[in-house]
Structure formats: C-alpha cells, structure tokens
$ cat protein_32.cif   # mmCIF, C-alpha atoms
data_data
#
loop_
_atom_site.label_atom_id
_atom_site.label_comp_id
_atom_site.auth_asym_id
_atom_site.auth_seq_id
_atom_site.Cartn_x
_atom_site.Cartn_y
_atom_site.Cartn_z
CA MET F 1 45.68 22.29 -7.58
CA CYS F 2 45.63 18.71 -8.81
CA THR F 3 47.88 18.07 -11.80
CA HIS F 4 47.41 14.30 -11.91
CA HIS F 5 46.02 13.23 -15.33
CA GLY F 6 45.57 16.84 -16.36
CA CYS F 7 43.06 17.63 -13.60
CA LYS F 8 42.63 21.38 -13.09
CA HIS F 9 40.36 21.25 -10.01
CA SER F 10 41.35 21.51 -6.38
CA PRO F 11 40.64 18.62 -3.99
CA PHE F 12 38.12 20.93 -2.32
CA ASP F 13 36.05 21.18 -5.54
CA ARG F 14 36.01 17.38 -5.91
CA ARG F 15 34.92 16.91 -2.28
CA ARG F 16 32.14 19.47 -2.71
CA PHE F 17 31.00 17.66 -5.87
CA LEU F 18 30.94 14.26 -4.09
CA ILE F 19 29.04 15.66 -1.10
CA ALA F 20 26.48 17.31 -3.40
CA GLY F 21 26.04 14.03 -5.31
CA ALA F 22 25.52 12.05 -2.10
CA ALA F 23 23.00 14.60 -0.82
CA THR F 24 21.09 14.47 -4.10
CA SER F 25 20.97 10.66 -3.93
CA LEU F 26 19.69 10.76 -0.36
CA LEU F 27 17.01 13.30 -1.25
CA ALA F 28 15.90 11.17 -4.17
CA ALA F 29 15.72 8.09 -1.96
CA CYS F 30 13.70 9.98 0.66
CA GLY F 31 11.43 11.78 -1.79
CA ALA F 32 8.26 10.78 -3.60
CA PRO F 33 8.66 6.99 -3.58
CA SER F 34 8.66 6.85 0.22
CA SER F 35 5.26 8.50 0.22
CA GLY F 36 3.73 5.23 -0.91
CA GLY F 37 2.21 6.82 -4.00
CA SER F 38 2.02 4.76 -7.15
CA GLY F 39 4.47 6.93 -9.18
CA SER F 40 5.66 4.80 -12.08
CA VAL F 41 4.81 1.52 -10.33
CA ALA F 42 1.80 -0.26 -11.80
CA ALA F 43 -0.64 -2.48 -9.96
CA LEU F 44 -0.36 -6.17 -10.76
CA GLU F 45 -3.28 -8.57 -11.13
CA ILE F 46 -4.17 -11.44 -8.84
CA ASP F 47 -4.01 -14.93 -10.30
CA ARG F 48 -5.10 -18.29 -8.83
CA SER F 49 -1.75 -18.72 -7.04
CA THR F 50 -1.45 -15.20 -5.52
CA SER F 51 -1.15 -15.59 -1.78
CA CYS F 52 -1.22 -13.24 1.19
CA ALA F 53 2.19 -12.17 2.53
CA LEU F 54 0.99 -12.55 6.13
CA ASP F 55 -0.93 -15.81 6.22
CA GLY F 56 -0.53 -17.55 2.84
CA MET F 57 -4.26 -17.46 2.02
CA LEU F 58 -5.06 -17.53 -1.71
CA LEU F 59 -6.52 -14.10 -2.52
CA ALA F 60 -8.80 -15.27 -5.33
CA ASP F 61 -10.72 -17.54 -2.92
CA TYR F 62 -12.06 -14.79 -0.66
CA PRO F 63 -14.44 -11.80 -0.80
CA GLY F 64 -13.73 -8.16 -0.13
CA PRO F 65 -11.03 -5.69 -1.16
CA LYS F 66 -7.45 -6.86 -1.62
CA ALA F 67 -4.24 -4.83 -1.42
CA GLN F 68 -0.65 -4.82 -2.66
CA ILE F 69 2.45 -2.97 -1.46
CA HIS F 70 5.43 -2.56 -3.78
CA TYR F 71 8.91 -2.09 -2.31
CA SER F 72 12.06 -0.64 -3.85
CA GLY F 73 14.31 -3.30 -5.35
CA LEU F 74 11.65 -6.02 -5.49
CA SER F 75 9.84 -7.05 -8.67
CA GLN F 76 6.83 -8.55 -6.89
CA PRO F 77 4.66 -6.80 -4.31
CA ASP F 78 3.53 -8.10 -0.96
CA TRP F 79 -0.11 -9.11 -1.40
CA PHE F 80 -2.78 -8.81 1.27
CA CYS F 81 -6.14 -10.58 1.36
CA ASP F 82 -7.56 -7.63 3.30
CA THR F 83 -7.05 -3.85 3.41
CA LEU F 84 -6.64 -3.95 7.21
CA GLU F 85 -3.55 -6.13 6.75
CA MET F 86 -2.09 -3.59 4.32
CA PHE F 87 -2.68 -0.75 6.79
CA ASN F 88 -1.28 -2.81 9.66
CA VAL F 89 1.97 -3.45 7.78
CA TYR F 90 2.29 0.06 6.34
CA LEU F 91 1.55 1.89 9.60
CA ASN F 92 3.81 -0.37 11.68
CA PRO F 93 6.64 1.84 13.02
CA GLU F 94 9.07 -1.04 12.43
CA GLN F 95 8.27 -1.09 8.68
CA ALA F 96 11.48 0.32 7.21
CA ARG F 97 11.37 -0.86 3.58
CA LEU F 98 11.03 1.85 0.94
CA VAL F 99 7.46 1.72 -0.37
CA THR F 100 7.21 2.60 -4.07
CA GLY F 101 3.50 1.98 -4.53
CA MET F 102 0.36 0.79 -2.74
CA PHE F 103 -2.87 -0.29 -4.38
CA VAL F 104 -6.33 -1.39 -3.25
CA GLN F 105 -9.39 -2.44 -5.20
CA ASP F 106 -12.18 0.04 -5.94
CA MET F 107 -15.18 -1.72 -4.44
CA GLY F 108 -17.49 0.69 -6.22
CA LYS F 109 -16.40 -0.91 -9.51
CA THR F 110 -15.81 -4.56 -8.69
CA ASP F 111 -17.86 -7.42 -7.25
CA TRP F 112 -17.52 -7.78 -3.46
CA ASP F 113 -17.71 -11.58 -3.52
CA LYS F 114 -15.26 -12.07 -6.41
CA PRO F 115 -13.24 -8.85 -6.72
CA VAL F 116 -11.15 -8.59 -9.88
CA GLY F 117 -8.95 -5.71 -11.06
CA ASN F 118 -10.01 -2.10 -10.56
CA TRP F 119 -6.80 -1.19 -8.71
CA ILE F 120 -6.43 2.34 -7.37
CA ASP F 121 -3.72 4.21 -5.48
CA ALA F 122 -4.24 3.30 -1.81
CA LYS F 123 -3.25 6.78 -0.61
CA LYS F 124 -5.89 8.43 -2.81
CA ALA F 125 -8.63 5.95 -1.88
CA VAL F 126 -11.48 6.58 0.55
CA TYR F 127 -12.25 3.84 3.08
CA VAL F 128 -15.32 2.68 5.00
CA PHE F 129 -14.42 1.22 8.40
CA GLY F 130 -16.93 -0.72 10.51
CA SER F 131 -19.45 -1.80 7.89
CA LYS F 132 -21.48 -5.02 8.08
CA ARG F 133 -19.74 -6.36 4.94
CA LEU F 134 -17.07 -8.93 5.69
CA GLY F 135 -13.78 -9.47 3.90
CA SER F 136 -11.51 -12.50 3.91
CA MET F 137 -10.59 -11.99 7.56
CA GLY F 138 -13.96 -10.74 8.81
CA PRO F 139 -14.48 -7.01 9.41
CA THR F 140 -12.59 -4.97 6.82
CA ALA F 141 -12.15 -1.48 5.42
CA ALA F 142 -13.90 -1.16 2.06
CA SER F 143 -11.88 0.92 -0.43
CA PHE F 144 -13.28 3.33 -3.04
CA SER F 145 -11.94 5.82 -5.57
CA SER F 146 -14.98 8.06 -5.06
CA GLU F 147 -16.11 9.59 -1.78
CA ALA F 148 -19.69 9.48 -3.09
CA ASP F 149 -19.41 5.69 -3.59
CA ALA F 150 -17.95 5.33 -0.08
CA GLN F 151 -20.80 7.41 1.41
CA ALA F 152 -23.41 5.33 -0.45
CA PHE F 153 -21.78 2.10 0.76
CA ALA F 154 -21.72 3.39 4.37
CA ALA F 155 -25.39 4.42 4.13
CA GLN F 156 -26.33 0.90 2.99
CA HIS F 157 -23.94 -1.22 5.11
CA GLY F 158 -22.96 1.07 7.99
CA GLY F 159 -19.50 2.29 8.88
CA LYS F 160 -17.49 5.47 8.90
CA VAL F 161 -15.87 7.07 5.83
CA LEU F 162 -12.17 7.94 6.24
CA LYS F 163 -9.37 9.18 4.03
CA PHE F 164 -6.05 7.29 4.02
CA ASP F 165 -4.30 9.80 6.32
CA GLU F 166 -7.12 9.53 8.87
CA VAL F 167 -6.44 5.83 9.47
CA LYS F 168 -4.41 5.29 12.66
CA PRO F 169 -2.44 2.19 13.76
CA ASP F 170 -4.83 1.37 16.61
CA MET F 171 -7.65 1.07 14.04
CA VAL F 172 -5.94 -1.77 12.16
CA ILE F 173 -4.72 -4.13 14.86
CA LEU F 174 -4.78 -7.71 13.61
CA ASP F 175 -6.22 -9.66 16.51
CA GLY F 176 -6.21 -13.26 15.37
CA GLY F 177 -7.77 -12.95 11.92
CA ALA F 178 -8.37 -16.73 11.71
CA LEU F 179 -10.87 -16.33 14.54
CA HIS F 180 -12.87 -13.98 12.33
CA ASP F 181 -12.52 -15.91 9.07
CA GLN F 182 -16.09 -16.71 8.02
CA SER F 183 -15.15 -19.26 5.35
CA MET F 184 -12.87 -21.60 7.32
#

$ encode --input "protein_32.cif" --output "structure tokens"
Amino acid sequence: MCTHHGCKHSPFDRRRFLIAGAATSLLAACGAPSSGGSGSVAALEIDRSTSCALDGMLLADYPGPKAQIHYSGLSQPDWFCDTLEMFNVYLNPEQARLVTGMFVQDMGKTDWDKPVGNWIDAKKAVYVFGSKRLGSMGPTAASFSSEADAQAFAAQHGGKVLKFDEVKPDMVILDGGALHDQSM
C-alpha cells in the first residue's frame, strides 16, 4: 500500500485507473466523430475567397453542389467545389484524419447555377450520380436531403439515386477534372 502523501491505494489500483482512463479516451476518439456525422460541428458558409482544397478553384464561381469536410483539431474545413471530390477524399483508404463533420448542399433547396447555403449532413444526404447536370468539374453527384427530391431530379435529368453508404471509391475517381471543366 502506498503511504506517500497519504495515499491509501495500491499501485495496482492506480494502474487499473490509468488503463481505464486511456481506454475511455481511445473509445471517445474512435466513436461518433469518426463516423463523419455533423455532431456539434456546424457547416460554414462559402464567401468570395473560399477555395477548393484540391485545385484552388473559387467555389462561388461555379455551379453545382459544394462540400466541406471538418477535421478534428482544425478550425476551418477542407472545401470542395464538387461532391465527387469530397467522396474521393473521404473514401480514400489513405485518409487518416479524424473527420468530425461533412456537409453538402441540398440541391432541392438551392439554385444549381449559384448555390448558396442549404447545408445538410453529407452522410444523411441522398445523391444522384450520372445526371446530365454538370458541376464545377463536369459530371457530378447532386445532393439532396429528400429522397423524393432526388427521384424527381433523376426523372428530369437522368442518373441513379444512391444513399451515402452505397457510394464506392471506384465511382468517384477524379480523372483529370480540368479536362471536364466546362467553364475554363
């Protein structure tokens, strides 16, 4: 029994306490935030200087849905001028940063050509892949908060409706986006 500074606990009790504390910290770090859900993280708004993390394009200058990924320990998210870029980064097996939130724009509530606001949790969104509508980098995945809005968009513009978990890495390969950029 430890008698130093009046301690009445055995070294074994202290070790068990430290191990339990470390395990709790690890579980917290590996829990909900890593799921990419929005939790207590709030979506930020695009301004005239907001640029894409991958190619530096100014988001406000281009049509189609935008995206943002928030990481633990960083005050600013990585911005993406296209939802395919967000998926490509998030689904990359080398992506090891702790994601605390992901947001996309609800294209059922904002203007395609000048999208503003209307941020929704990317993991709860419904996407239309393969439509005729083009985003900043050409073909894109339109994002919606409502499956009915996604189905209506697909009926009008073509494409397939998918939930977040149905999107696979081979569906979001970035193959020279500048070659598809319609506004360059």

$ atom_distance --input "protein_32.cif" --atom1 "CA of Val172 (chain F)" --atom2 "CA of Glu45 (chain F)"
24.4 Å

$ residues_around --input "protein_32.cif" --residues "region 113-127 of chain F" --least-positions-apart "6" --cutoff "7 Å" --atoms "all atoms listed in the file" --output "count of residues only"
24

$ residues_around --input "protein_32.cif" --residues "region 48-60 of chain F" --least-positions-apart "4" --cutoff "10 Å" --atoms "all atoms listed in the file" --output "list in words"
Gly64, Pro65, Lys66, Ala67, Gln68, Pro77, Asp78, Trp79, Phe80, Cys81, Asp82, Glu85, Met86, Val89, Asp113, Lys114, Pro115, Val116, Ser136, Gly177 and Ala178 of chain F

$ closest_residue --input "protein_32.cif" --among "F:Leu84, F:Ala154, F:Leu91, F:Leu74" --to "Gly108 (chain F)" --atoms "all atoms listed in the file"
F:Ala154

$ axis_aligned_box --input "protein_32.cif" --around "region 108-118 of chain F" --padding-each-side "6 Å" --output "AutoDock Vina command-line options"
--center_x -13.4 --center_y -5.7 --center_z -7.3 --size_x 20.9 --size_y 24.8 --size_z 19.6

$ atom_distance --input "protein_32.cif" --atom1 "CA of Thr100 (chain F)" --atom2 "CA of Phe87 (chain F)"
15.1 Å

$ closest_residue --input "protein_32.cif" --among "F:Ile69, F:Ala152, F:Leu134, F:Val128" --to "Glu166 (chain F)" --atoms "all atoms listed in the file"
F:Val128

$ closest_residue --input "protein_32.cif" --among "F:Phe153, F:Arg133, F:Leu44, F:Asn92" --to "His70 (chain F)" --atoms "all atoms listed in the file"
F:Leu44

$ closest_residue --input "protein_32.cif" --among "F:Asn88, F:Gln95, F:Gly130, F:Thr110" --to "Lys168 (chain F)" --atoms "only C-alpha atoms"
F:Asn88
